[in-house]
>>> print(open('entry23.tsv').read())   # TSV, C-alpha atoms and all ligand atoms
chain	number	residue	atom	x	y	z
A	81	MET	CA	-35.90	27.12	26.98
A	82	ARG	CA	-33.47	25.08	29.07
A	83	LEU	CA	-32.38	21.45	29.37
A	84	ARG	CA	-32.24	19.74	32.74
A	85	ASP	CA	-29.17	17.74	32.06
A	86	TRP	CA	-26.68	15.27	33.45
A	87	ALA	CA	-23.50	15.48	31.36
A	88	LEU	CA	-22.59	11.79	31.51
A	89	ASP	CA	-26.08	10.40	30.93
A	90	ASP	CA	-26.41	8.87	27.45
A	91	ARG	CA	-30.01	10.07	26.96
A	92	CYS	CA	-29.05	13.64	27.88
A	93	TYR	CA	-26.14	13.38	25.47
A	94	ALA	CA	-28.58	12.44	22.70
A	95	VAL	CA	-30.51	15.67	23.29
A	96	ARG	CA	-27.40	17.89	23.44
A	97	LEU	CA	-26.05	16.19	20.33
A	98	GLY	CA	-29.35	16.75	18.51
A	99	ALA	CA	-29.42	20.44	19.48
A	100	SER	CA	-25.86	20.88	18.24
A	101	LEU	CA	-26.59	19.14	14.91
A	102	MET	CA	-29.76	21.18	14.39
A	103	GLY	CA	-28.00	24.40	15.28
A	104	VAL	CA	-30.20	25.08	18.33
A	105	ASN	CA	-28.70	27.04	21.19
A	106	LEU	CA	-29.75	24.99	24.22
A	107	PRO	CA	-28.69	26.21	27.67
A	108	THR	CA	-28.35	23.43	30.27
A	109	LEU	CA	-28.90	23.15	33.99
A	110	THR	CA	-27.09	20.33	35.77
A	111	ASP	CA	-29.71	18.25	37.53
A	112	ALA	CA	-28.87	14.92	39.16
A	113	THR	CA	-32.42	13.63	38.73
A	114	ALA	CA	-31.71	13.48	34.99
A	115	LEU	CA	-29.44	10.54	35.72
A	116	LYS	CA	-32.52	8.59	36.84
A	117	THR	CA	-35.32	9.94	34.76
A	118	GLY	CA	-33.44	11.18	31.71
A	119	PRO	CA	-33.40	14.65	30.20
A	120	ALA	CA	-36.20	17.17	30.72
A	121	LEU	CA	-36.82	20.23	28.59
A	122	GLU	CA	-38.23	23.40	30.12
A	123	ILE	CA	-40.14	25.06	27.32
A	124	ASP	CA	-43.10	27.46	27.01
A	125	GLY	CA	-43.72	27.34	30.76
A	126	GLY	CA	-44.02	23.52	30.77
A	127	ILE	CA	-41.71	20.52	31.00
A	128	LEU	CA	-41.18	17.87	28.35
A	129	HIS	CA	-39.72	14.47	29.22
A	130	GLY	CA	-38.21	11.69	27.13
A	131	PRO	CA	-35.41	12.14	24.58
A	132	ALA	CA	-37.61	11.36	21.55
A	133	ASP	CA	-40.31	13.91	22.46
A	134	ILE	CA	-37.69	16.51	23.29
A	135	LEU	CA	-35.82	15.99	20.03
A	136	GLN	CA	-39.04	16.10	18.03
A	137	ARG	CA	-39.93	19.35	19.75
A	138	LEU	CA	-36.53	20.78	18.80
A	139	THR	CA	-37.08	19.87	15.14
A	140	SER	CA	-40.17	22.09	15.12
A	141	LEU	CA	-38.30	25.21	16.29
A	142	PRO	CA	-38.32	27.96	13.64
A	143	GLU	CA	-34.50	28.05	13.33
A	144	VAL	CA	-34.25	24.33	12.51
A	145	SER	CA	-33.98	23.19	8.89
A	146	ARG	CA	-36.93	21.25	7.49
A	147	GLU	CA	-34.46	18.53	6.59
A	148	TRP	CA	-34.76	17.23	10.14
A	149	HIS	CA	-38.39	16.34	9.49
A	150	LEU	CA	-39.25	12.99	7.95
A	151	GLY	CA	-39.67	12.89	4.18
A	152	ILE	CA	-43.04	12.05	2.63
A	153	GLY	CA	-43.90	8.40	3.14
A	154	GLU	CA	-40.91	7.76	5.39
A	155	GLU	CA	-41.54	5.40	8.27
A	156	ARG	CA	-41.13	6.90	11.74
A	157	ARG	CA	-38.71	4.86	13.80
A	158	ASP	CA	-38.28	7.18	16.76
A	159	ALA	CA	-40.20	4.95	19.18
A	160	TRP	CA	-38.06	1.94	18.35
A	161	ALA	CA	-34.85	3.99	18.63
A	162	GLU	CA	-35.96	5.50	21.94
A	163	SER	CA	-36.73	2.11	23.43
A	164	ALA	CA	-33.32	0.88	22.25
A	165	LEU	CA	-31.68	3.85	23.97
A	166	GLU	CA	-33.65	3.24	27.19
A	167	ARG	CA	-32.55	-0.40	27.24
A	168	PHE	CA	-28.97	0.60	26.53
A	169	SER	CA	-28.99	3.29	29.20
A	170	HIS	CA	-30.13	0.75	31.76
A	171	LEU	CA	-27.45	-1.78	30.77
A	172	ARG	CA	-24.77	0.91	30.79
A	173	GLN	CA	-25.69	2.21	34.23
A	174	THR	CA	-25.60	-1.33	35.58
A	175	ALA	CA	-22.18	-1.89	34.00
A	176	LEU	CA	-20.71	1.42	35.19
A	177	LEU	CA	-22.07	1.08	38.71
A	178	ALA	CA	-20.92	-2.51	39.20
A	179	GLY	CA	-18.42	-2.51	42.06
A	180	LEU	CA	-16.70	-5.64	40.88
A	181	PRO	CA	-15.76	-6.65	37.36
A	182	THR	CA	-18.86	-8.29	35.93
A	183	GLU	CA	-18.89	-11.70	34.32
A	184	GLY	CA	-18.54	-11.04	30.63
A	185	ILE	CA	-20.88	-9.12	28.39
A	186	PRO	CA	-24.57	-9.43	29.33
A	187	PRO	CA	-26.55	-11.34	26.66
A	188	GLN	CA	-29.02	-8.42	26.49
A	189	ALA	CA	-26.18	-6.22	25.21
A	190	PHE	CA	-25.57	-8.63	22.32
A	191	ASP	CA	-29.34	-8.79	21.67
A	192	LEU	CA	-29.57	-5.02	21.46
A	193	MET	CA	-26.54	-4.64	19.20
A	194	THR	CA	-27.83	-7.43	16.93
A	195	GLU	CA	-31.21	-5.72	16.61
A	196	ILE	CA	-29.55	-2.45	15.57
A	197	GLU	CA	-27.01	-4.13	13.30
A	198	ASP	CA	-29.77	-6.06	11.47
A	199	ARG	CA	-31.70	-2.89	10.80
A	200	LEU	CA	-28.71	-0.82	9.67
A	201	SER	CA	-27.44	-3.62	7.50
A	202	ASP	CA	-30.79	-4.12	5.74
A	203	ASP	CA	-31.13	-0.37	5.26
A	204	ARG	CA	-27.74	-0.20	3.62
A	205	LEU	CA	-28.59	-2.92	1.08
A	206	ARG	CA	-31.85	-1.09	0.36
A	207	GLU	CA	-29.88	2.10	-0.17
A	208	ARG	CA	-31.47	3.88	2.72
A	209	PRO	CA	-28.51	5.83	4.10
A	210	TRP	CA	-30.01	6.81	7.49
A	211	VAL	CA	-32.31	5.12	9.97
A	212	SER	CA	-34.76	7.97	9.39
A	213	GLY	CA	-34.54	7.73	5.59
A	214	SER	CA	-32.64	9.88	3.12
A	215	HIS	CA	-31.60	12.43	5.77
A	216	PRO	CA	-30.54	11.82	9.38
A	217	GLY	CA	-33.37	12.40	11.85
A	218	VAL	CA	-34.44	11.93	15.44
A	219	ALA	CA	-34.08	8.12	15.29
A	220	ASP	CA	-30.46	8.44	14.14
A	221	ILE	CA	-29.65	10.85	16.96
A	222	LEU	CA	-31.21	8.46	19.50
A	223	LEU	CA	-29.16	5.53	18.21
A	224	PHE	CA	-25.81	7.28	18.04
A	225	PRO	CA	-25.03	7.21	21.80
A	226	ILE	CA	-25.63	3.43	21.82
A	227	ALA	CA	-23.19	2.89	18.97
A	228	ALA	CA	-20.56	5.26	20.33
A	229	LEU	CA	-20.77	4.18	23.98
A	230	SER	CA	-21.14	0.44	23.35
A	231	GLN	CA	-17.52	0.19	24.51
A	232	ASP	CA	-18.78	0.84	28.04
A	233	LEU	CA	-20.47	-2.57	27.82
A	234	GLU	CA	-17.25	-3.94	26.33
A	235	VAL	CA	-19.00	-5.03	23.16
A	236	PRO	CA	-16.28	-5.36	20.51
A	237	LEU	CA	-17.17	-3.38	17.40
A	238	ASP	CA	-15.39	-5.72	15.00
A	239	LEU	CA	-18.54	-7.87	15.30
A	240	TYR	CA	-20.82	-5.12	13.98
A	241	PRO	CA	-19.70	-3.66	10.63
A	242	ALA	CA	-22.95	-1.80	9.89
A	243	ILE	CA	-22.80	-0.06	13.29
A	244	ARG	CA	-19.19	0.94	12.59
A	245	ASN	CA	-20.27	2.36	9.28
A	246	PHE	CA	-23.07	4.30	10.99
A	247	ILE	CA	-20.62	5.79	13.52
A	248	ARG	CA	-18.25	6.93	10.77
A	249	GLN	CA	-21.02	8.48	8.71
A	250	PHE	CA	-22.62	10.15	11.73
A	251	LYS	CA	-19.38	11.71	12.99
A	252	ALA	CA	-18.95	13.47	9.65
A	253	LEU	CA	-22.20	15.45	10.12
A	254	PRO	CA	-21.78	19.22	10.57
A	255	GLY	CA	-22.30	20.16	14.23
A	256	PHE	CA	-21.29	16.74	15.55
A	257	MET	CA	-19.95	16.72	19.11
A	258	THR	CA	-18.65	13.98	21.37
A	259	MET	CA	-19.75	13.24	24.90
A	260	PRO	CA	-17.36	14.40	27.63
A	261	GLY	CA	-15.04	11.56	28.57
A	262	VAL	CA	-15.54	9.62	25.37
A	263	PRO	CA	-12.31	9.12	23.45
A	264	GLU	CA	-12.49	10.23	19.83
A	265	CYS	CA	-11.00	6.99	18.68
A	266	HIS	CA	-14.05	4.73	18.54
B	114	MET	CA	-4.22	-26.69	7.60
B	115	THR	CA	-5.86	-23.65	6.18
B	116	ASN	CA	-3.86	-20.56	5.29
B	117	TRP	CA	-6.45	-17.93	4.52
B	118	PHE	CA	-9.12	-16.58	6.84
B	119	PRO	CA	-12.14	-14.54	5.67
B	120	LEU	CA	-12.18	-11.54	8.05
B	121	ALA	CA	-14.64	-9.03	6.60
B	122	LEU	CA	-16.62	-7.99	3.56
B	123	GLY	CA	-14.74	-5.70	1.22
B	124	MET	CA	-17.55	-3.12	1.40
B	125	ASP	CA	-17.12	-2.87	5.18
B	126	VAL	CA	-13.68	-1.30	4.74
B	127	PRO	CA	-14.30	1.55	2.27
B	128	PRO	CA	-11.36	3.45	0.70
B	129	GLY	CA	-9.66	5.81	3.14
B	130	THR	CA	-10.74	3.96	6.29
B	131	ALA	CA	-9.40	1.49	8.85
B	132	ALA	CA	-11.38	-1.21	10.68
B	133	PRO	CA	-10.71	-3.65	13.53
B	134	ALA	CA	-10.88	-7.43	13.09
B	135	ARG	CA	-9.96	-10.35	15.31
B	136	LEU	CA	-8.87	-13.87	14.54
B	137	CYS	CA	-9.05	-16.19	17.56
B	138	GLY	CA	-8.42	-13.16	19.76
B	139	LYS	CA	-5.50	-11.85	17.66
B	140	GLU	CA	-6.17	-8.21	16.85
B	141	ILE	CA	-5.77	-7.18	13.23
B	142	ALA	CA	-6.16	-3.75	11.61
B	143	LEU	CA	-7.64	-3.75	8.13
B	144	TRP	CA	-7.26	-0.58	6.09
B	145	ARG	CA	-7.66	0.62	2.57
B	146	GLY	CA	-5.97	3.55	0.87
B	147	ALA	CA	-7.59	5.80	-1.72
B	148	ASP	CA	-6.06	3.52	-4.37
B	149	GLY	CA	-8.40	0.73	-3.22
B	150	GLN	CA	-5.63	-1.61	-2.07
B	151	ILE	CA	-6.45	-3.55	1.11
B	152	HIS	CA	-3.92	-4.05	3.93
B	153	ALA	CA	-3.95	-6.24	7.05
B	154	TRP	CA	-1.54	-5.45	9.86
B	155	GLU	CA	-1.09	-6.47	13.42
B	156	ASP	CA	-3.33	-4.01	15.33
B	157	ARG	CA	-0.46	-2.53	17.33
B	158	CYS	CA	1.54	0.58	16.68
B	159	PRO	CA	5.29	-0.11	16.93
B	160	HIS	CA	5.69	3.15	18.87
B	161	ARG	CA	3.63	2.62	22.02
B	162	GLY	CA	1.24	-0.15	21.08
B	163	MET	CA	-1.90	1.89	20.31
B	164	ARG	CA	-4.43	0.03	18.16
B	165	LEU	CA	-3.76	1.05	14.56
B	166	SER	CA	-7.38	0.35	13.59
B	167	PHE	CA	-8.29	3.54	15.52
B	168	GLY	CA	-6.03	5.46	13.15
B	169	PHE	CA	-6.88	7.34	10.00
B	170	VAL	CA	-5.74	7.14	6.42
B	171	ARG	CA	-3.83	10.15	5.03
B	172	ASN	CA	-2.02	10.41	1.69
B	173	GLY	CA	-1.83	6.66	1.25
B	174	ASN	CA	-0.44	6.16	4.78
B	175	LEU	CA	-2.09	4.84	7.91
B	176	ALA	CA	-1.58	7.36	10.73
B	177	CYS	CA	-1.66	6.23	14.34
B	178	LEU	CA	-4.20	8.11	16.41
B	179	TYR	CA	-1.90	8.49	19.40
B	180	HIS	CA	1.21	10.39	18.24
B	181	GLY	CA	0.52	10.44	14.53
B	182	TRP	CA	3.30	8.20	13.25
B	183	GLN	CA	2.51	7.38	9.64
B	184	PHE	CA	3.06	4.03	7.99
B	185	GLY	CA	3.12	3.50	4.23
B	186	ALA	CA	1.54	0.73	2.18
B	187	ASP	CA	4.72	-1.35	2.68
B	188	ALA	CA	4.23	-0.97	6.48
B	189	THR	CA	7.43	1.04	7.03
B	190	CYS	CA	7.24	4.21	9.08
B	191	ARG	CA	7.36	7.23	6.77
B	192	HIS	CA	6.80	10.16	9.08
B	193	ILE	CA	7.09	11.03	12.77
B	194	PRO	CA	5.35	14.37	13.45
B	195	ALA	CA	7.43	15.13	16.55
B	196	HIS	CA	10.59	14.89	14.39
B	197	PRO	CA	9.54	16.14	10.96
B	198	GLU	CA	13.16	16.40	9.72
B	199	LEU	CA	14.08	12.87	10.65
B	200	ARG	CA	14.61	10.31	7.90
B	201	VAL	CA	12.92	7.42	9.62
B	202	PRO	CA	15.07	4.26	9.68
B	203	GLY	CA	13.51	1.45	7.65
B	204	THR	CA	13.69	-0.87	10.64
B	205	ILE	CA	10.67	0.85	12.16
B	206	HIS	CA	7.61	-0.75	10.67
B	207	ALA	CA	4.20	-2.17	11.43
B	208	HIS	CA	3.77	-5.91	11.20
B	209	ALA	CA	2.02	-6.73	7.93
B	210	TYR	CA	0.16	-9.93	7.01
B	211	GLN	CA	-0.79	-11.13	3.57
B	212	ALA	CA	-4.15	-9.72	2.51
B	213	ALA	CA	-6.23	-10.38	-0.58
B	214	GLU	CA	-9.69	-9.51	-1.76
B	215	ARG	CA	-11.71	-12.13	-3.57
B	216	ALA	CA	-15.41	-12.72	-4.11
B	217	GLY	CA	-16.36	-9.61	-2.13
B	218	ILE	CA	-14.47	-10.78	0.95
B	219	ILE	CA	-11.19	-9.71	2.57
B	220	TRP	CA	-8.93	-12.71	3.26
B	221	VAL	CA	-5.90	-12.62	5.51
B	222	SER	CA	-3.11	-15.15	5.90
B	223	LEU	CA	-0.64	-15.25	8.77
B	224	ASN	CA	1.55	-17.50	6.66
B	225	GLU	CA	3.83	-15.50	4.35
B	226	GLN	CA	4.10	-18.36	1.89
B	227	ALA	CA	0.36	-18.80	1.40
B	228	SER	CA	-0.66	-18.81	-2.24
B	229	ALA	CA	-3.64	-16.81	-3.43
B	230	ASP	CA	-4.52	-19.79	-5.66
B	231	GLU	CA	-6.24	-21.33	-2.66
B	232	LEU	CA	-8.82	-18.54	-2.65
B	233	PRO	CA	-12.19	-18.60	-4.43
B	234	ASN	CA	-11.83	-17.47	-8.02
B	235	MET	CA	-15.37	-16.38	-8.83
B	236	ASP	CA	-16.88	-12.93	-8.63
B	237	ALA	CA	-19.32	-12.28	-5.82
B	238	PHE	CA	-20.85	-9.31	-4.01
B	239	GLY	CA	-20.69	-8.97	-0.24
B	240	ALA	CA	-24.15	-9.13	1.35
B	241	ARG	CA	-23.69	-9.60	5.08
B	242	SER	CA	-21.11	-10.25	7.80
B	243	ILE	CA	-23.13	-11.48	10.72
B	244	LEU	CA	-22.29	-12.51	14.27
B	245	ILE	CA	-23.42	-15.96	15.40
B	246	ARG	CA	-23.16	-16.65	19.11
B	247	ALA	CA	-21.97	-20.24	18.68
B	248	PRO	CA	-18.54	-21.86	18.39
B	249	LEU	CA	-16.90	-22.06	14.98
B	250	ALA	CA	-16.73	-25.87	14.93
B	251	SER	CA	-20.46	-26.28	15.43
B	252	VAL	CA	-21.29	-23.62	12.83
B	253	ARG	CA	-18.99	-25.28	10.31
B	254	THR	CA	-20.56	-28.66	10.91
B	255	ALA	CA	-24.12	-27.33	10.73
B	256	LEU	CA	-23.34	-25.60	7.44
B	257	ALA	CA	-21.38	-28.56	6.09
B	258	LEU	CA	-18.36	-26.36	5.35
B	259	PRO	CA	-14.94	-27.91	4.65
B	260	ASP	CA	-11.86	-27.20	6.80
B	261	GLU	CA	-10.95	-24.14	4.73
B	262	GLY	CA	-14.01	-22.53	6.27
B	263	TRP	CA	-15.73	-21.55	3.04
B	264	GLY	CA	-17.72	-22.98	0.17
B	265	TRP	CA	-20.22	-22.14	-2.59
B	266	GLN	CA	-23.77	-22.98	-1.63
B	267	GLU	CA	-26.82	-22.16	-3.74
B	268	GLU	CA	-25.16	-19.40	-5.76
B	269	CYS	CA	-23.64	-17.78	-2.77
B	270	LEU	CA	-20.25	-17.80	-1.08
B	271	VAL	CA	-20.45	-18.85	2.57
B	272	ALA	CA	-17.36	-18.26	4.72
B	273	VAL	CA	-16.72	-18.29	8.47
B	274	HIS	CA	-14.06	-17.12	10.92
B	275	GLU	CA	-13.69	-17.08	14.68
B	276	PRO	CA	-13.06	-13.64	16.25
B	277	GLU	CA	-12.85	-15.21	19.70
B	278	PRO	CA	-13.65	-18.64	21.11
B	279	GLY	CA	-17.40	-19.23	21.23
B	280	LEU	CA	-18.24	-16.59	18.61
B	281	THR	CA	-18.38	-16.98	14.84
B	282	MET	CA	-18.62	-14.43	12.07
B	283	LEU	CA	-20.49	-15.67	9.03
B	284	HIS	CA	-19.70	-13.83	5.79
B	285	MET	CA	-21.99	-14.26	2.81
B	286	ALA	CA	-21.55	-12.94	-0.71
B	287	ALA	CA	-24.08	-13.22	-3.54
B	288	ALA	CA	-23.34	-14.26	-7.12
B	289	THR	CA	-25.19	-11.18	-8.41
B	290	LEU	CA	-25.80	-7.70	-7.01
B	291	ALA	CA	-29.55	-8.21	-7.23
B	292	ARG	CA	-29.48	-11.27	-4.98
B	293	ARG	CA	-27.77	-9.55	-2.06
B	294	LEU	CA	-30.98	-8.90	-0.12
B	295	ASP	CA	-32.07	-12.55	-0.38
B	296	VAL	CA	-28.64	-13.67	0.72
B	297	ALA	CA	-28.68	-11.23	3.67
B	298	ASP	CA	-32.06	-12.70	4.73
B	299	ARG	CA	-30.58	-16.16	4.51
B	300	ALA	CA	-27.70	-15.02	6.74
B	301	LYS	CA	-30.17	-13.84	9.39
B	302	MET	CA	-32.18	-17.08	9.23
B	303	THR	CA	-29.01	-19.12	9.50
B	304	ARG	CA	-27.90	-17.10	12.52
B	305	ASP	CA	-31.25	-17.49	14.30
B	306	ARG	CA	-31.33	-21.23	13.63
B	307	LEU	CA	-27.76	-21.85	14.78
B	308	GLU	CA	-28.06	-19.70	17.90
B	309	ALA	CA	-31.24	-21.55	18.91
B	310	LEU	CA	-29.47	-24.84	18.32
B	311	ASN	CA	-26.49	-23.73	20.36
B	312	GLU	CA	-28.69	-22.66	23.25
B	313	LYS	CA	-30.31	-26.08	23.26
B	314	VAL	CA	-26.94	-27.79	23.31
B	315	SER	CA	-25.61	-25.68	26.18
B	316	ALA	CA	-28.88	-25.88	28.20
C	401	LIG	S1	1.54	4.84	19.79
C	401	LIG	FE1	1.33	5.07	17.69
C	401	LIG	S2	2.33	6.93	17.31
C	401	LIG	FE2	2.65	6.62	19.42
>>> encode(input="entry23.tsv", output="structure tokens")
Amino acid sequence: MRLRDWALDDRCYAVRLGASLMGVNLPTLTDATALKTGPALEIDGGILHGPADILQRLTSLPEVSREWHLGIGEERRDAWAESALERFSHLRQTALLAGLPTEGIPPQAFDLMTEIEDRLSDDRLRERPWVSGSHPGVADILLFPIAALSQDLEVPLDLYPAIRNFIRQFKALPGFMTMPGVPECH
Amino acid sequence: MTNWFPLALGMDVPPGTAAPARLCGKEIALWRGADGQIHAWEDRCPHRGMRLSFGFVRNGNLACLYHGWQFGADATCRHIPAHPELRVPGTIHAHAYQAAERAGIIWVSLNEQASADELPNMDAFGARSILIRAPLASVRTALALPDEGWGWQEECLVAVHEPEPGLTMLHMAAATLARRLDVADRAKMTRDRLEALNEKVSA
């Protein structure tokens, strides 16, 4: 098993973060195509693409605790979280590659943050501590890079208290690791 | 002239944490010690200007993330890790503002003389702080709020502040714990309505 990885790609970070949280030893191979197409997992002689599918595959490894599976009756939100991460990744690449300072924060960045904030905020009032339910799961891992790297889009976090709360809670998980180049202070 | 500004819900700054806030672009660090007391300081470390809201709360002090200077509840510097033996002169301190917690909301005044009597005196439970992409003046008019920027409407406290020009934070607190979900839904509906209105105006 090996991850085709680009260290500074947010989707690749989600997979490395997930492996670290689940206690999976995941060797990586630096591969520039991952910057375009996202992470790819070499496993059982085949290749798996897409951060959600890869993370779900990791949860089924024998060494991973059953806690990473959804509880009975819990709604699966991985597809929503993956599409949010894809949208974010696109916005972030555009922002980081812009040669000139761009004109303010793109409205799509606000839209995305609002969508996540609404969900986290409703969950909190319903006493659902994680996006995935009573335990953090794949959807939480997919959302974390958006929350932590939103500074790259210059979105001020004082506008999103539920996202701040999510970041704080997530960082306290055993096995948490930051992305290279991301200051610890956010 | 209003003295007090509603900056956040109390529940969004849990004990032992710090959080950033802005008031018309002015950066403010909110933090709460284990004793539950809320503090509002200028978001700037007196040492080298690092944002104090990035810091962490230790033993009732707020510690700056950069070089670890620690400031006590009275905002004076208590400890400088690079000089552990030093008795820190009392002249080194963070800049503190008046802070109060009422009706589930954290209120800050930049005016030292402001009286807490001006604040709401009922109990309420924070439900939602929500961003509205519209200027404060138009939000206040649409919600028929007085100049103080807050009022009781249908068993719920509605309060607004302006983090930066063109953006408004709407804070809503419910009269009972059980009504918080309804109030949070109302906050979302209000946001959607006012943003649509604002888009029409600017189009
Ligand atoms: S900048 Fe805060 S301790 Fe140095």
>>> residues_around(input="entry23.tsv", residues="Trp210 (chain A)", least_positions_apart="6", cutoff="10 Å", atoms="all atoms listed in the file", output="VMD selection string")
chain A and resid 200 203 to 204 216 to 217 219 to 220 246 249 to 250
>>> write_last_selection(input="entry23.tsv", atoms="C-alpha atoms", output="PDB file, keeping the file's coordinate frame")
ATOM      1  CA  LEU A 200     -28.710  -0.820   9.670  1.00  0.00           C
ATOM      2  CA  ASP A 203     -31.130  -0.370   5.260  1.00  0.00           C
ATOM      3  CA  ARG A 204     -27.740  -0.200   3.620  1.00  0.00           C
ATOM      4  CA  PRO A 216     -30.540  11.820   9.380  1.00  0.00           C
ATOM      5  CA  GLY A 217     -33.370  12.400  11.850  1.00  0.00           C
ATOM      6  CA  ALA A 219     -34.080   8.120  15.290  1.00  0.00           C
ATOM      7  CA  ASP A 220     -30.460   8.440  14.140  1.00  0.00           C
ATOM      8  CA  PHE A 246     -23.070   4.300  10.990  1.00  0.00           C
ATOM      9  CA  GLN A 249     -21.020   8.480   8.710  1.00  0.00           C
ATOM     10  CA  PHE A 250     -22.620  10.150  11.730  1.00  0.00           C
TER      11      PHE A 250
END
>>> residues_near_point(input="entry23.tsv", point="(9.1, 3.3, 13.4)", cutoff="12 Å", atoms="only C-alpha atoms", output="compact mmCIF listing (two decimals) with C-alpha atoms, in the coordinates of the input")
# COMPACT_ATOMS: atom_id res chain seq x y z
CA ARG B 157 -0.46 -2.53 17.33
CA CYS B 158 1.54 0.58 16.68
CA PRO B 159 5.29 -0.11 16.93
CA HIS B 160 5.69 3.15 18.87
CA ARG B 161 3.63 2.62 22.02
CA GLY B 162 1.24 -0.15 21.08
CA ALA B 176 -1.58 7.36 10.73
CA CYS B 177 -1.66 6.23 14.34
CA HIS B 180 1.21 10.39 18.24
CA GLY B 181 0.52 10.44 14.53
CA TRP B 182 3.30 8.20 13.25
CA GLN B 183 2.51 7.38 9.64
CA PHE B 184 3.06 4.03 7.99
CA GLY B 185 3.12 3.50 4.23
CA ALA B 188 4.23 -0.97 6.48
CA THR B 189 7.43 1.04 7.03
CA CYS B 190 7.24 4.21 9.08
CA ARG B 191 7.36 7.23 6.77
CA HIS B 192 6.80 10.16 9.08
CA ILE B 193 7.09 11.03 12.77
CA PRO B 194 5.35 14.37 13.45
CA HIS B 196 10.59 14.89 14.39
CA LEU B 199 14.08 12.87 10.65
CA ARG B 200 14.61 10.31 7.90
CA VAL B 201 12.92 7.42 9.62
CA PRO B 202 15.07 4.26 9.68
CA GLY B 203 13.51 1.45 7.65
CA THR B 204 13.69 -0.87 10.64
CA ILE B 205 10.67 0.85 12.16
CA HIS B 206 7.61 -0.75 10.67
CA ALA B 207 4.20 -2.17 11.43
CA HIS B 208 3.77 -5.91 11.20
>>> axis_aligned_box(input="entry23.tsv", around="region 220-232 of chain B", padding_each_side="6 Å", output="AutoDock Vina command-line options")
--center_x -2.4 --center_y -17.0 --center_z 1.6 --size_x 25.0 --size_y 20.7 --size_z 26.4
>>> interface_residues(input="entry23.tsv", of="chain A", to="chain B", cutoff="10 Å", atoms="only C-alpha atoms", output="PyMOL selection string")
chain A and resi 187+190+194+197-198+201-202+204-206+236-242+244-245+248+264-266
>>> residues_around(input="entry23.tsv", residues="Val221 (chain B)", least_positions_apart="5", cutoff="9 Å", atoms="all atoms listed in the file", output="list of chain:residue names")
B:Asn116, B:Trp117, B:Phe118, B:Pro119, B:Leu120, B:His152, B:Ala153, B:Tyr210, B:Gln211, B:Ala212, B:Ala213, B:Glu214
>>> write_last_selection(input="entry23.tsv", atoms="C-alpha atoms", output="mmCIF file, in the coordinates of the input")
data_model
loop_
_atom_site.group_PDB
_atom_site.id
_atom_site.type_symbol
_atom_site.label_atom_id
_atom_site.label_comp_id
_atom_site.auth_asym_id
_atom_site.auth_seq_id
_atom_site.Cartn_x
_atom_site.Cartn_y
_atom_site.Cartn_z
ATOM 1 C CA ASN B 116 -3.860 -20.560 5.290
ATOM 2 C CA TRP B 117 -6.450 -17.930 4.520
ATOM 3 C CA PHE B 118 -9.120 -16.580 6.840
ATOM 4 C CA PRO B 119 -12.140 -14.540 5.670
ATOM 5 C CA LEU B 120 -12.180 -11.540 8.050
ATOM 6 C CA HIS B 152 -3.920 -4.050 3.930
ATOM 7 C CA ALA B 153 -3.950 -6.240 7.050
ATOM 8 C CA TYR B 210 0.160 -9.930 7.010
ATOM 9 C CA GLN B 211 -0.790 -11.130 3.570
ATOM 10 C CA ALA B 212 -4.150 -9.720 2.510
ATOM 11 C CA ALA B 213 -6.230 -10.380 -0.580
ATOM 12 C CA GLU B 214 -9.690 -9.510 -1.760
#
>>> residues_near_point(input="entry23.tsv", point="(-35.8, 22.2, 9.7)", cutoff="12 Å", atoms="all atoms listed in the file", output="short mmCIF file (atom, residue, chain, number, x, y, z; two decimals) with C-alpha atoms, in the frame of the given file")
data_model
loop_
_atom_site.label_atom_id
_atom_site.label_comp_id
_atom_site.auth_asym_id
_atom_site.auth_seq_id
_atom_site.Cartn_x
_atom_site.Cartn_y
_atom_site.Cartn_z
CA ALA A 99 -29.42 20.44 19.48
CA LEU A 101 -26.59 19.14 14.91
CA MET A 102 -29.76 21.18 14.39
CA GLY A 103 -28.00 24.40 15.28
CA VAL A 104 -30.20 25.08 18.33
CA GLN A 136 -39.04 16.10 18.03
CA ARG A 137 -39.93 19.35 19.75
CA LEU A 138 -36.53 20.78 18.80
CA THR A 139 -37.08 19.87 15.14
CA SER A 140 -40.17 22.09 15.12
CA LEU A 141 -38.30 25.21 16.29
CA PRO A 142 -38.32 27.96 13.64
CA GLU A 143 -34.50 28.05 13.33
CA VAL A 144 -34.25 24.33 12.51
CA SER A 145 -33.98 23.19 8.89
CA ARG A 146 -36.93 21.25 7.49
CA GLU A 147 -34.46 18.53 6.59
CA TRP A 148 -34.76 17.23 10.14
CA HIS A 149 -38.39 16.34 9.49
CA LEU A 150 -39.25 12.99 7.95
CA GLY A 151 -39.67 12.89 4.18
CA HIS A 215 -31.60 12.43 5.77
CA PRO A 216 -30.54 11.82 9.38
CA GLY A 217 -33.37 12.40 11.85
CA VAL A 218 -34.44 11.93 15.44
#
